[in-house]
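As provided, structure_32.tsv (TSV, C-alpha atoms) reads as follows.
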chain	number	residue	atom	x	y	z
A	22	MET	CA	54.20	61.94	-190.25
A	23	LYS	CA	50.49	61.83	-189.24
A	24	THR	CA	49.51	60.64	-185.84
A	25	LEU	CA	46.27	58.99	-184.68
A	26	GLU	CA	45.41	62.20	-182.92
A	27	ASP	CA	45.61	64.13	-186.21
A	28	GLU	CA	43.02	61.78	-187.82
A	29	GLU	CA	40.49	62.07	-184.99
A	30	THR	CA	37.32	63.97	-185.71
A	31	ARG	CA	36.41	66.31	-182.97
A	32	ARG	CA	32.86	67.60	-182.62
A	33	VAL	CA	31.83	70.44	-180.46
A	34	ILE	CA	28.44	69.79	-178.93
A	35	PRO	CA	26.58	73.06	-178.61
A	36	GLY	CA	25.00	73.91	-175.30
A	37	ALA	CA	21.34	72.96	-174.94
A	38	ARG	CA	18.49	74.34	-172.88
A	39	TRP	CA	17.46	71.04	-171.40
A	40	ASP	CA	15.04	72.73	-169.03
A	41	VAL	CA	13.23	74.29	-171.98
A	42	ALA	CA	13.15	70.94	-173.84
A	43	TRP	CA	11.70	69.24	-170.76
A	44	TRP	CA	8.95	71.81	-170.32
A	45	LEU	CA	8.17	71.74	-174.05
A	46	THR	CA	7.78	67.95	-173.87
A	47	VAL	CA	5.46	68.24	-170.88
A	48	ALA	CA	3.42	70.90	-172.64
A	49	LEU	CA	3.04	68.77	-175.79
A	50	VAL	CA	1.96	65.75	-173.74
A	51	VAL	CA	-0.58	67.79	-171.78
A	52	VAL	CA	-1.98	69.37	-174.94
A	53	GLY	CA	-2.15	66.00	-176.71
A	54	VAL	CA	-3.83	64.23	-173.81
A	55	GLY	CA	-6.16	67.17	-173.28
A	56	ALA	CA	-7.18	67.20	-176.94
A	57	TRP	CA	-7.85	63.45	-176.94
A	58	GLU	CA	-9.78	63.72	-173.67
A	59	TRP	CA	-11.91	66.53	-175.09
A	60	LYS	CA	-12.61	64.52	-178.23
A	61	MET	CA	-13.64	61.41	-176.27
A	62	ARG	CA	-15.96	63.42	-174.03
A	63	SER	CA	-17.53	64.98	-177.10
A	64	LEU	CA	-18.39	61.42	-178.20
A	65	GLY	CA	-20.27	60.73	-174.98
A	66	LEU	CA	-17.55	59.11	-172.87
A	67	ARG	CA	-17.18	60.32	-169.32
A	68	ALA	CA	-14.80	60.13	-166.41
A	69	GLY	CA	-16.08	57.75	-163.76
A	70	ASP	CA	-17.04	55.07	-166.29
A	71	LEU	CA	-14.87	52.39	-164.70
A	72	GLY	CA	-15.13	49.74	-167.38
A	73	ASP	CA	-15.15	46.04	-166.63
A	74	GLY	CA	-13.01	42.95	-166.98
A	75	ALA	CA	-11.73	39.88	-165.20
A	76	SER	CA	-10.09	41.90	-162.39
A	77	HIS	CA	-13.32	43.79	-161.73
A	78	TRP	CA	-15.15	40.46	-161.41
A	79	THR	CA	-12.58	39.02	-159.02
A	80	VAL	CA	-13.01	41.98	-156.66
A	81	GLU	CA	-16.70	41.12	-156.37
A	82	ARG	CA	-16.07	37.39	-156.06
A	83	ARG	CA	-13.71	37.97	-153.14
A	84	LYS	CA	-16.54	39.70	-151.30
A	85	ILE	CA	-18.33	36.34	-151.13
A	86	ALA	CA	-15.26	34.58	-149.78
A	87	ALA	CA	-14.68	37.31	-147.19
A	88	GLY	CA	-18.32	37.39	-146.07
A	89	GLU	CA	-18.62	41.03	-147.19
A	90	HIS	CA	-22.05	40.78	-148.77
A	91	ASP	CA	-25.77	41.21	-148.09
A	92	ASP	CA	-26.77	37.58	-148.80
A	93	VAL	CA	-27.65	38.20	-152.46
A	94	VAL	CA	-25.52	37.30	-155.47
A	95	ILE	CA	-26.37	37.60	-159.17
A	96	PHE	CA	-25.20	35.33	-161.99
A	97	GLY	CA	-26.18	35.65	-165.62
A	98	SER	CA	-25.37	37.20	-168.96
A	99	SER	CA	-25.47	40.86	-169.93
A	100	ARG	CA	-29.23	41.34	-169.59
A	101	ILE	CA	-29.49	40.84	-165.83
A	102	LEU	CA	-26.26	42.85	-165.61
A	103	PHE	CA	-27.61	45.87	-167.52
A	104	ASP	CA	-31.16	45.56	-166.17
A	105	THR	CA	-30.43	45.58	-162.42
A	106	ASP	CA	-30.34	48.87	-160.50
A	107	PHE	CA	-28.55	48.56	-157.15
A	108	ALA	CA	-30.04	51.82	-155.87
A	109	VAL	CA	-33.48	50.25	-156.19
A	110	TRP	CA	-32.29	47.18	-154.32
A	111	GLN	CA	-31.01	49.29	-151.45
A	112	ILE	CA	-34.14	51.42	-151.22
A	113	MET	CA	-36.48	48.42	-151.28
A	114	THR	CA	-34.49	45.97	-149.15
A	115	GLY	CA	-31.49	47.70	-147.62
A	116	ARG	CA	-29.33	45.20	-149.50
A	117	ARG	CA	-26.79	45.55	-152.31
A	118	PRO	CA	-26.24	42.36	-154.36
A	119	VAL	CA	-22.83	41.10	-155.41
A	120	GLN	CA	-22.87	41.32	-159.20
A	121	LEU	CA	-21.18	38.30	-160.80
A	122	ALA	CA	-23.01	38.30	-164.14
A	123	LEU	CA	-20.73	38.51	-167.17
A	124	PRO	CA	-21.54	39.95	-170.61
A	125	GLY	CA	-21.32	37.56	-173.52
A	126	THR	CA	-21.21	34.58	-171.16
A	127	SER	CA	-23.52	31.79	-170.08
A	128	PRO	CA	-23.79	31.66	-166.26
A	129	ARG	CA	-23.86	27.88	-166.09
A	130	PHE	CA	-20.13	27.23	-165.77
A	131	LEU	CA	-19.78	29.95	-163.11
A	132	LEU	CA	-22.80	28.70	-161.20
A	133	LYS	CA	-21.37	25.18	-161.14
A	134	ARG	CA	-18.07	26.29	-159.64
A	135	PHE	CA	-19.88	28.54	-157.19
A	136	ALA	CA	-22.15	25.70	-156.09
A	137	ARG	CA	-19.14	23.47	-155.45
A	138	ASP	CA	-16.74	25.96	-153.90
A	139	ALA	CA	-18.57	28.82	-152.20
A	140	ASP	CA	-19.84	28.65	-148.65
A	141	PHE	CA	-22.87	30.80	-149.40
A	142	ASP	CA	-26.31	30.39	-147.84
A	143	GLY	CA	-28.11	33.43	-149.22
A	144	LEU	CA	-30.13	34.08	-152.37
A	145	VAL	CA	-28.64	33.30	-155.79
A	146	ILE	CA	-30.36	35.11	-158.68
A	147	VAL	CA	-29.67	33.56	-162.08
A	148	GLY	CA	-30.46	35.69	-165.12
A	149	VAL	CA	-31.55	33.62	-168.11
A	150	THR	CA	-30.81	34.75	-171.66
A	151	PRO	CA	-32.36	31.80	-173.53
A	152	GLU	CA	-29.99	31.45	-176.48
A	153	ALA	CA	-26.92	31.55	-174.25
A	154	PHE	CA	-28.29	29.51	-171.35
A	155	PHE	CA	-29.78	26.62	-173.35
A	156	SER	CA	-26.79	25.90	-175.58
A	157	GLU	CA	-23.23	24.64	-175.49
A	158	PHE	CA	-22.06	28.25	-175.57
A	159	THR	CA	-19.76	29.30	-172.73
A	160	THR	CA	-18.36	32.77	-173.35
A	161	ALA	CA	-17.43	35.23	-176.08
A	162	PHE	CA	-14.53	36.44	-173.90
A	163	PRO	CA	-11.88	33.75	-173.35
A	164	GLU	CA	-10.32	35.66	-170.45
A	165	TYR	CA	-13.47	35.01	-168.43
A	166	LEU	CA	-12.80	31.26	-168.46
A	167	THR	CA	-10.13	31.79	-165.81
A	168	VAL	CA	-11.94	34.21	-163.48
A	169	ASN	CA	-12.86	31.39	-161.08
A	170	ASP	CA	-9.17	30.80	-160.47
A	171	LEU	CA	-8.05	34.42	-160.82
A	172	TRP	CA	-10.00	35.64	-157.80
A	173	ARG	CA	-7.80	33.40	-155.63
A	174	GLU	CA	-4.55	33.64	-157.56
A	175	GLU	CA	-4.43	37.26	-158.74
A	176	SER	CA	-0.94	38.56	-158.12
A	177	PRO	CA	-0.12	41.72	-156.13
A	178	SER	CA	1.00	43.44	-159.31
A	179	GLN	CA	-2.32	42.62	-161.01
A	180	ARG	CA	-4.26	44.00	-158.06
A	181	PHE	CA	-2.09	47.12	-157.99
A	182	GLY	CA	-2.52	47.66	-161.73
A	183	HIS	CA	-6.26	47.25	-161.40
A	184	GLY	CA	-6.35	49.80	-158.59
A	185	VAL	CA	-4.34	52.32	-160.60
A	186	GLY	CA	-6.64	51.81	-163.58
A	187	LEU	CA	-9.71	52.48	-161.45
A	188	LEU	CA	-8.15	55.62	-159.99
A	189	LEU	CA	-7.29	57.07	-163.41
A	190	SER	CA	-10.69	56.11	-164.88
A	191	ARG	CA	-12.39	58.29	-162.28
A	192	TYR	CA	-10.74	61.35	-163.83
A	193	LEU	CA	-10.05	60.48	-167.49
A	194	ALA	CA	-12.68	59.48	-170.04
A	195	PHE	CA	-10.29	58.52	-172.85
A	196	LEU	CA	-9.14	55.38	-171.01
A	197	ASP	CA	-12.32	53.56	-172.13
A	198	ASP	CA	-11.20	50.25	-173.66
A	199	ASN	CA	-13.90	50.50	-176.33
A	200	TYR	CA	-12.29	53.62	-177.75
A	201	ARG	CA	-8.67	52.54	-177.98
A	202	LEU	CA	-7.09	53.27	-181.35
A	203	GLY	CA	-7.06	49.60	-182.33
A	204	GLN	CA	-10.78	49.31	-181.58
A	205	LEU	CA	-11.56	52.41	-183.62
A	206	ILE	CA	-9.64	50.99	-186.58
A	207	ASP	CA	-11.70	47.79	-186.35
A	208	ARG	CA	-14.85	49.88	-186.75
A	209	VAL	CA	-13.93	50.96	-190.26
A	210	ASP	CA	-16.47	49.24	-192.50
A	211	ILE	CA	-14.15	47.41	-194.90
A	212	PRO	CA	-15.57	44.34	-196.68
A	213	ASP	CA	-13.71	41.13	-195.85
A	214	ARG	CA	-13.37	37.75	-197.51
A	215	PRO	CA	-16.57	35.68	-197.78
A	216	GLY	CA	-17.16	33.52	-194.72
A	217	VAL	CA	-14.94	35.62	-192.45
A	218	ARG	CA	-16.51	37.49	-189.53
A	219	ARG	CA	-14.99	40.93	-189.79
A	220	PRO	CA	-14.09	43.04	-186.74
A	221	PHE	CA	-16.69	45.60	-187.78
A	222	MET	CA	-19.38	43.13	-186.64
A	223	GLU	CA	-18.06	42.74	-183.11
A	224	VAL	CA	-19.88	44.36	-180.18
A	225	TRP	CA	-19.10	48.05	-179.73
A	226	LYS	CA	-19.56	50.10	-176.57
A	227	LEU	CA	-22.95	49.40	-175.00
A	228	SER	CA	-22.65	50.33	-171.34
A	229	GLU	CA	-21.39	52.61	-168.61
A	230	THR	CA	-20.11	50.98	-165.42
A	231	SER	CA	-19.70	52.38	-161.93
A	232	GLU	CA	-18.87	51.01	-158.48
A	233	ASP	CA	-19.64	47.36	-157.72
A	234	ARG	CA	-20.02	46.63	-161.44
A	235	GLN	CA	-23.20	48.65	-161.73
A	236	TYR	CA	-23.99	48.56	-165.44
A	237	PHE	CA	-26.41	50.74	-167.40
A	238	LEU	CA	-27.00	51.06	-171.12
A	239	TRP	CA	-24.77	53.78	-172.61
A	240	PRO	CA	-26.98	56.89	-173.07
A	241	ARG	CA	-25.49	57.64	-176.50
A	242	LEU	CA	-27.21	54.56	-177.91
A	243	MET	CA	-30.50	56.34	-177.29
A	244	THR	CA	-29.58	59.21	-179.63
A	245	ASP	CA	-27.07	57.82	-182.15
A	246	SER	CA	-28.91	55.96	-184.92
A	247	ARG	CA	-25.70	54.52	-186.36
A	248	LEU	CA	-24.59	52.95	-183.08
A	249	LEU	CA	-28.09	51.64	-182.42
A	250	ALA	CA	-28.38	50.10	-185.89
A	251	HIS	CA	-24.98	48.48	-185.51
A	252	ALA	CA	-25.88	46.91	-182.15
A	253	LYS	CA	-29.07	45.46	-183.60
A	254	SER	CA	-27.23	44.06	-186.61
A	255	VAL	CA	-24.67	42.35	-184.36
A	256	TRP	CA	-27.38	40.64	-182.29
A	257	LEU	CA	-29.22	39.42	-185.37
A	258	ALA	CA	-26.03	38.16	-187.02
A	259	ARG	CA	-25.27	35.84	-184.08
A	260	SER	CA	-27.76	33.08	-184.77
A	261	ARG	CA	-27.73	29.63	-183.18
A	262	PRO	CA	-29.56	26.42	-184.08
A	263	PRO	CA	-32.71	25.54	-182.13
A	264	ALA	CA	-32.02	23.93	-178.77
A	265	ALA	CA	-32.22	20.14	-179.01
A	266	ALA	CA	-34.47	18.43	-176.47
A	267	GLU	CA	-31.62	16.20	-175.28
A	268	LEU	CA	-29.37	19.19	-174.69
A	269	VAL	CA	-32.05	21.10	-172.79
A	270	GLU	CA	-32.71	18.06	-170.61
A	271	ARG	CA	-29.02	17.68	-169.83
A	272	ILE	CA	-28.65	21.35	-168.99
A	273	CYS	CA	-31.70	21.34	-166.71
A	274	SER	CA	-30.48	18.23	-164.91
A	275	ASP	CA	-26.98	19.66	-164.50
A	276	VAL	CA	-28.26	22.99	-163.16
A	277	GLY	CA	-30.61	21.12	-160.85
A	278	GLN	CA	-27.63	19.41	-159.23
A	279	ASP	CA	-25.95	22.77	-158.68
A	280	ILE	CA	-29.10	24.14	-157.07
A	281	ALA	CA	-29.30	21.10	-154.79
A	282	ARG	CA	-25.77	21.83	-153.52
A	283	ILE	CA	-26.64	25.46	-152.81
A	284	ARG	CA	-29.84	24.50	-151.03
A	285	ALA	CA	-28.00	21.91	-148.96
A	286	ARG	CA	-26.07	24.82	-147.42
A	287	GLY	CA	-29.26	26.75	-146.72
A	288	GLY	CA	-29.20	28.90	-149.86
A	289	GLU	CA	-31.94	29.56	-152.40
A	290	VAL	CA	-31.90	29.98	-156.18
A	291	VAL	CA	-34.38	31.90	-158.34
A	292	PHE	CA	-34.33	32.40	-162.11
A	293	VAL	CA	-35.11	35.74	-163.76
A	294	ARG	CA	-35.86	36.15	-167.46
A	295	PRO	CA	-35.27	39.82	-168.42
A	296	PRO	CA	-37.08	41.34	-171.40
A	297	SER	CA	-36.06	41.29	-175.03
A	298	ALA	CA	-37.86	42.74	-178.05
A	299	GLY	CA	-38.27	42.93	-181.80
A	300	ALA	CA	-36.59	40.53	-184.17
A	301	TYR	CA	-34.28	39.31	-181.40
A	302	TYR	CA	-37.26	38.22	-179.28
A	303	GLU	CA	-38.89	36.58	-182.30
A	304	ARG	CA	-35.75	34.57	-182.98
A	305	GLU	CA	-35.59	33.45	-179.35
A	306	GLN	CA	-39.07	31.95	-179.71
A	307	ILE	CA	-37.68	29.73	-182.47
A	308	VAL	CA	-34.25	28.92	-181.06
A	309	ALA	CA	-35.28	28.50	-177.41
A	310	PRO	CA	-39.08	28.43	-177.08
A	311	ARG	CA	-40.34	28.97	-173.56
A	312	ALA	CA	-42.28	25.71	-173.25
A	313	VAL	CA	-39.20	23.67	-174.15
A	314	THR	CA	-36.60	25.63	-172.20
A	315	TRP	CA	-37.77	27.97	-169.43
A	316	ASP	CA	-40.79	25.93	-168.34
A	317	ARG	CA	-38.75	22.74	-168.39
A	318	LEU	CA	-35.98	24.37	-166.34
A	319	LEU	CA	-38.39	25.31	-163.56
A	320	ARG	CA	-40.01	21.85	-163.50
A	321	VAL	CA	-36.73	19.92	-163.37
A	322	THR	CA	-34.94	22.14	-160.84
A	323	GLY	CA	-37.93	22.99	-158.66
A	324	ALA	CA	-36.65	26.58	-158.46
A	325	PRO	CA	-38.99	29.56	-158.77
A	326	GLY	CA	-38.75	31.81	-161.79
A	327	ILE	CA	-39.73	35.36	-162.73
A	328	HIS	CA	-40.45	35.75	-166.45
A	329	PHE	CA	-41.13	39.23	-167.78
A	330	GLU	CA	-44.00	37.95	-169.94
A	331	ASP	CA	-46.02	36.99	-166.85
A	332	TYR	CA	-46.32	40.41	-165.21
A	333	GLN	CA	-48.12	43.49	-166.45
A	334	HIS	CA	-45.72	45.88	-164.70
A	335	MET	CA	-42.84	44.38	-166.69
A	336	GLN	CA	-44.42	45.30	-170.02
A	337	ASP	CA	-43.91	48.37	-172.21
A	338	LEU	CA	-40.28	48.76	-171.15
A	339	GLU	CA	-37.80	50.55	-173.41
A	340	ILE	CA	-35.36	48.14	-175.08
A	341	PRO	CA	-33.50	50.31	-177.60
A	342	GLU	CA	-31.29	47.63	-179.19
A	343	MET	CA	-33.70	44.70	-178.55
A	344	SER	CA	-31.66	43.11	-175.74
A	345	HIS	CA	-30.96	45.57	-172.90
A	346	LEU	CA	-33.19	48.03	-171.09
A	347	SER	CA	-32.66	51.78	-171.00
A	348	ARG	CA	-31.63	53.14	-167.63
A	349	ASP	CA	-35.12	54.31	-166.69
A	350	SER	CA	-36.62	50.98	-167.70
A	351	ALA	CA	-33.91	49.08	-165.80
A	352	THR	CA	-35.05	50.95	-162.70
A	353	ARG	CA	-38.67	49.97	-163.36
A	354	PHE	CA	-37.77	46.34	-164.07
A	355	THR	CA	-35.62	46.07	-160.95
A	356	ARG	CA	-38.39	47.53	-158.82
A	357	ALA	CA	-40.77	44.95	-160.27
A	358	TYR	CA	-38.63	41.85	-159.85
A	359	VAL	CA	-37.31	42.83	-156.41
A	360	GLY	CA	-40.90	43.27	-155.25
A	361	LEU	CA	-41.69	39.74	-156.43
A	362	LEU	CA	-38.56	38.39	-154.75
A	363	ALA	CA	-39.60	40.01	-151.47
A	364	GLU	CA	-42.90	38.14	-151.71
A	365	LEU	CA	-41.08	34.85	-152.31
A	366	TYR	CA	-38.45	35.48	-149.63
A	367	PRO	CA	-39.82	37.77	-146.89
A	368	TRP	CA	-36.43	37.93	-145.17
A	369	LEU	CA	-35.17	40.09	-148.05
A	370	ASP	CA	-36.98	43.18	-146.85
A	371	GLN	CA	-36.23	42.87	-143.14
A	372	ARG	CA	-33.95	45.90	-143.50
A	373	ALA	CA	-36.15	47.85	-145.91
A	374	VAL	CA	-36.21	51.61	-145.62
A	375	ALA	CA	-39.68	52.49	-144.35
A	376	GLY	CA	-41.65	54.88	-146.49
A	377	SER	CA	-39.07	55.07	-149.30
A	378	ALA	CA	-40.30	55.66	-152.82
A	379	LEU	CA	-38.67	55.51	-156.21
Could you render the structure as structure tokens?
Amino acid sequence: MKTLEDEETRRVIPGARWDVAWWLTVALVVVGVGAWEWKMRSLGLRAGDLGDGASHWTVERRKIAAGEHDDVVIFGSSRILFDTDFAVWQIMTGRRPVQLALPGTSPRFLLKRFARDADFDGLVIVGVTPEAFFSEFTTAFPEYLTVNDLWREESPSQRFGHGVGLLLSRYLAFLDDNYRLGQLIDRVDIPDRPGVRRPFMEVWKLSETSEDRQYFLWPRLMTDSRLLAHAKSVWLARSRPPAAAELVERICSDVGQDIARIRARGGEVVFVRPPSAGAYYEREQIVAPRAVTWDRLLRVTGAPGIHFEDYQHMQDLEIPEMSHLSRDSATRFTRAYVGLLAELYPWLDQRAVAGSAL
């Protein structure tokens, strides 16, 4: 008679070298990460490119609330972000602005909240990208719609995660968000259905970012014809209808109210129109002509403005993809507009470094 014990299957598990398996796993991970890191660096990525995002912005916004600033803050879209060199600011004035400009975003909704909420009595620089500023457009990045609340409400875990990300980005190039596997797949040029904007036509990597959200145009764009052609095609594909007079008037009036609030606290606001070029510039003259938009903005708000077309030393700058300056030209442009600001607001250069030269 069979018993339950007779029907049991007994397996003998052979001994394993778990220490060897562990070291083999570590070795494979190190080799894999090392290979991917080498590949990314060969494409022009580098450690120390800290990236950007909502958490980066909130760190800068908290500087205003804490009083940890040099009385200068910058709002705007990507042009004033890419085209401002903080080293130039520090050499010329001893000051380092708080950079609150956001790529792919109109500054108007941020400026409004800032005017209402911030106790700031310094200089507010507003970069004007005409098509974005004089339209109903808000942002191409939905996560930026919440940054005004996030800087107050960011959780400890979010702050910790952001800190860890910054630490790792200082040593590893492959962490660049623009070169994640999903992003690389989106860059495969596969035709899509008519009327559908395919991922291939989204913005690819354009910049390198360091401390305090210091942006510069990614050097590889200067040498890679494919990346440069793609960037140009993306800008030209994003057309908007000409700005209606009623809309421009409403925008100017609305911004004027924000400026009045800032001035009531002792602050000042100045507009800066960075350069653009080529077919992009030509389209801007149709969609947002200067006489209808920029000139009207200055008249209605009473704020001063610095337009690149008005100054000889802002001409002949290098704009590789028609919208953002090369690093060398960003240095030249910053030197030019900071010099003009110092003439408008003499207090800016009270801490200037005597005898410094760029």
Compile the contact shell of Phe96 in chain A as number ranges by chain: residues with an atom at most 10 Å away, counting all atoms listed in the file, same-chain residues fewer than 6 positions apart removed.
A: 102, 119-123, 127-129, 131-132, 135, 145-149, 292
Excluding same-chain residues fewer than 2 positions from range 307-324 of chain A, what lies within 9 Å of it counting all atoms listed in the file, as a PyMOL selection string?
chain A and resi 149+151-152+155+260-264+266+269-270+272-274+276-278+280-281+289-292+294+303-305+326+328
Expressed in Å to a single decimal, how great is the separation between CA of Met222 in chain A and CA of Leu66 in chain A?
21.2 Å
10 Å contact set for Arg348 in chain A, all atoms listed in the file, chain neighbours under 3 positions out, as a VMD selection string
chain A and resid 103 to 106 236 to 240 339 to 340 345 351 to 354
Within 8 Å of (-35.5, 47.5, -152.8) (coordinates as in the file), grab all the protein and nucleic acid residues, counting all atoms listed in the file, and write them out as a PyMOL selection string.
chain A and resi 108-116+356+359-360+370+373
So which one's closest to Glu174 in chain A, A:Gly69, A:Arg271, A:Arg137, A:Thr79? Using only C-alpha atoms, please.
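Of A:Gly69, A:Arg271, A:Arg137, A:Thr79, the one nearest Glu174 in chain A, counting only C-alpha atoms, is A:Thr79.
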Spatial neighbours of His251 in chain A, max dist 9 Å, all atoms listed in the file, sep filter under 6 positions, as a PDB file with C-alpha atoms, keeping the file's coordinate frame:
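The result, stored in around_6.pdb:
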ATOM      1  CA  MET A 222     -19.380  43.130-186.640  1.00  0.00           C
ATOM      2  CA  VAL A 224     -19.880  44.360-180.180  1.00  0.00           C
ATOM      3  CA  TRP A 225     -19.100  48.050-179.730  1.00  0.00           C
ATOM      4  CA  GLU A 342     -31.290  47.630-179.190  1.00  0.00           C
TER       5      GLU A 342
END
Could you jot down the CA of His77 in chain A to CA of Asp233 in chain A separation for me, Å, one decimal place?
8.3 Å
One decimal, Å: what's the distance from CA of Glu267 in chain A over to CA of Pro295 in chain A, could you say?
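Between CA of Glu267 in chain A and CA of Pro295 in chain A the gap is 24.9 Å.
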Residues near Ala252 in chain A, cut-off 12 Å, only C-alpha atoms, skip fewer than 3 positions along chain, as a compact mmCIF listing (two decimals) with C-alpha atoms, in the coordinates of the input:
# COMPACT_ATOMS: atom_id res chain seq x y z
CA PHE A 221 -16.69 45.60 -187.78
CA MET A 222 -19.38 43.13 -186.64
CA GLU A 223 -18.06 42.74 -183.11
CA VAL A 224 -19.88 44.36 -180.18
CA TRP A 225 -19.10 48.05 -179.73
CA LYS A 226 -19.56 50.10 -176.57
CA LEU A 227 -22.95 49.40 -175.00
CA SER A 228 -22.65 50.33 -171.34
CA LEU A 238 -27.00 51.06 -171.12
CA TRP A 239 -24.77 53.78 -172.61
CA LEU A 242 -27.21 54.56 -177.91
CA MET A 243 -30.50 56.34 -177.29
CA ASP A 245 -27.07 57.82 -182.15
CA SER A 246 -28.91 55.96 -184.92
CA ARG A 247 -25.70 54.52 -186.36
CA LEU A 248 -24.59 52.95 -183.08
CA LEU A 249 -28.09 51.64 -182.42
CA VAL A 255 -24.67 42.35 -184.36
CA TRP A 256 -27.38 40.64 -182.29
CA LEU A 257 -29.22 39.42 -185.37
CA ALA A 258 -26.03 38.16 -187.02
CA ARG A 259 -25.27 35.84 -184.08
CA TYR A 301 -34.28 39.31 -181.40
CA ILE A 340 -35.36 48.14 -175.08
CA PRO A 341 -33.50 50.31 -177.60
CA GLU A 342 -31.29 47.63 -179.19
CA MET A 343 -33.70 44.70 -178.55
CA SER A 344 -31.66 43.11 -175.74
CA HIS A 345 -30.96 45.57 -172.90
Between A:Arg284, A:Glu157, A:Gly216, A:Leu202, which residue has the minimum interatomic distance to Asp142 in chain A, considering only C-alpha atoms?
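Going through A:Arg284, A:Glu157, A:Gly216, A:Leu202 one by one, the smallest distance to Asp142 in chain A is for A:Arg284.
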Which of these residues is nearest to Pro124 in chain A, using all atoms listed in the file: A:His334, A:Arg234, A:Arg82, A:Arg201?
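Answer, going by the shortest atom-to-atom distance: A:Arg234.
You can rank A:Ala136, A:Ala194, A:Val47, A:Ile85 by their closest distance to Trp59 in chain A using all atoms listed in the file, and at the top of that list sits A:Ala194.
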Which residue out of A:Ser350, A:Ser76, A:Gln306, A:Ser297 has the minimum interatomic distance to Val168 in chain A when all atoms listed in the file are used?
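Among A:Ser350, A:Ser76, A:Gln306, A:Ser297, it is A:Ser76 that comes nearest to Val168 in chain A.
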Which one of A:Arg62, A:Tyr200, A:Val51, A:Asn169 sits closest to Lys133 in chain A if you count only C-alpha atoms?
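Among the listed residues, the smallest separation from Lys133 in chain A belongs to A:Asn169.
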From the structure block, carefully write range 284-299 of chain A out with N, CA and C atoms; format it as a PDB file, in the first residue's frame.
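In the end it all went to part32.pdb:
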ATOM      1  N   ARG A 284       5.663  98.047  -9.517  1.00  0.00           N
ATOM      2  CA  ARG A 284       6.171  99.392  -9.250  1.00  0.00           C
ATOM      3  C   ARG A 284       5.654  99.941  -7.927  1.00  0.00           C
ATOM      4  N   ALA A 285       4.434  99.561  -7.572  1.00  0.00           N
ATOM      5  CA  ALA A 285       3.876 100.049  -6.308  1.00  0.00           C
ATOM      6  C   ALA A 285       4.698  99.569  -5.120  1.00  0.00           C
ATOM      7  N   ARG A 286       5.440  98.481  -5.282  1.00  0.00           N
ATOM      8  CA  ARG A 286       6.302  97.971  -4.219  1.00  0.00           C
ATOM      9  C   ARG A 286       7.722  98.487  -4.337  1.00  0.00           C
ATOM     10  N   GLY A 287       7.962  99.366  -5.329  1.00  0.00           N
ATOM     11  CA  GLY A 287       9.297  99.907  -5.511  1.00  0.00           C
ATOM     12  C   GLY A 287      10.118  99.203  -6.562  1.00  0.00           C
ATOM     13  N   GLY A 288       9.525  98.217  -7.259  1.00  0.00           N
ATOM     14  CA  GLY A 288      10.250  97.493  -8.293  1.00  0.00           C
ATOM     15  C   GLY A 288      10.205  98.185  -9.644  1.00  0.00           C
ATOM     16  N   GLU A 289      10.969  97.668 -10.590  1.00  0.00           N
ATOM     17  CA  GLU A 289      10.985  98.174 -11.953  1.00  0.00           C
ATOM     18  C   GLU A 289      10.889  97.006 -12.920  1.00  0.00           C
ATOM     19  N   VAL A 290      10.338  97.273 -14.101  1.00  0.00           N
ATOM     20  CA  VAL A 290      10.206  96.243 -15.133  1.00  0.00           C
ATOM     21  C   VAL A 290      10.770  96.781 -16.436  1.00  0.00           C
ATOM     22  N   VAL A 291      11.561  95.966 -17.128  1.00  0.00           N
ATOM     23  CA  VAL A 291      12.085  96.334 -18.440  1.00  0.00           C
ATOM     24  C   VAL A 291      11.919  95.134 -19.368  1.00  0.00           C
ATOM     25  N   PHE A 292      11.550  95.419 -20.618  1.00  0.00           N
ATOM     26  CA  PHE A 292      11.387  94.370 -21.617  1.00  0.00           C
ATOM     27  C   PHE A 292      12.643  94.251 -22.466  1.00  0.00           C
ATOM     28  N   VAL A 293      12.991  93.010 -22.826  1.00  0.00           N
ATOM     29  CA  VAL A 293      14.133  92.751 -23.692  1.00  0.00           C
ATOM     30  C   VAL A 293      13.682  91.852 -24.831  1.00  0.00           C
ATOM     31  N   ARG A 294      13.964  92.283 -26.052  1.00  0.00           N
ATOM     32  CA  ARG A 294      13.627  91.476 -27.240  1.00  0.00           C
ATOM     33  C   ARG A 294      14.925  90.893 -27.811  1.00  0.00           C
ATOM     34  N   PRO A 295      15.208  89.599 -27.513  1.00  0.00           N
ATOM     35  CA  PRO A 295      16.426  88.969 -28.030  1.00  0.00           C
ATOM     36  C   PRO A 295      16.334  88.749 -29.539  1.00  0.00           C
ATOM     37  N   PRO A 296      17.471  88.493 -30.172  1.00  0.00           N
ATOM     38  CA  PRO A 296      17.491  88.349 -31.634  1.00  0.00           C
ATOM     39  C   PRO A 296      16.853  87.051 -32.128  1.00  0.00           C
ATOM     40  N   SER A 297      16.402  87.109 -33.356  1.00  0.00           N
ATOM     41  CA  SER A 297      16.012  85.931 -34.126  1.00  0.00           C
ATOM     42  C   SER A 297      16.494  86.167 -35.546  1.00  0.00           C
ATOM     43  N   ALA A 298      16.384  85.171 -36.425  1.00  0.00           N
ATOM     44  CA  ALA A 298      16.990  85.314 -37.743  1.00  0.00           C
ATOM     45  C   ALA A 298      16.260  84.467 -38.776  1.00  0.00           C
ATOM     46  N   GLY A 299      16.621  84.687 -40.035  1.00  0.00           N
ATOM     47  CA  GLY A 299      16.163  83.848 -41.123  1.00  0.00           C
ATOM     48  C   GLY A 299      14.667  83.831 -41.308  1.00  0.00           C
TER      49      GLY A 299
END
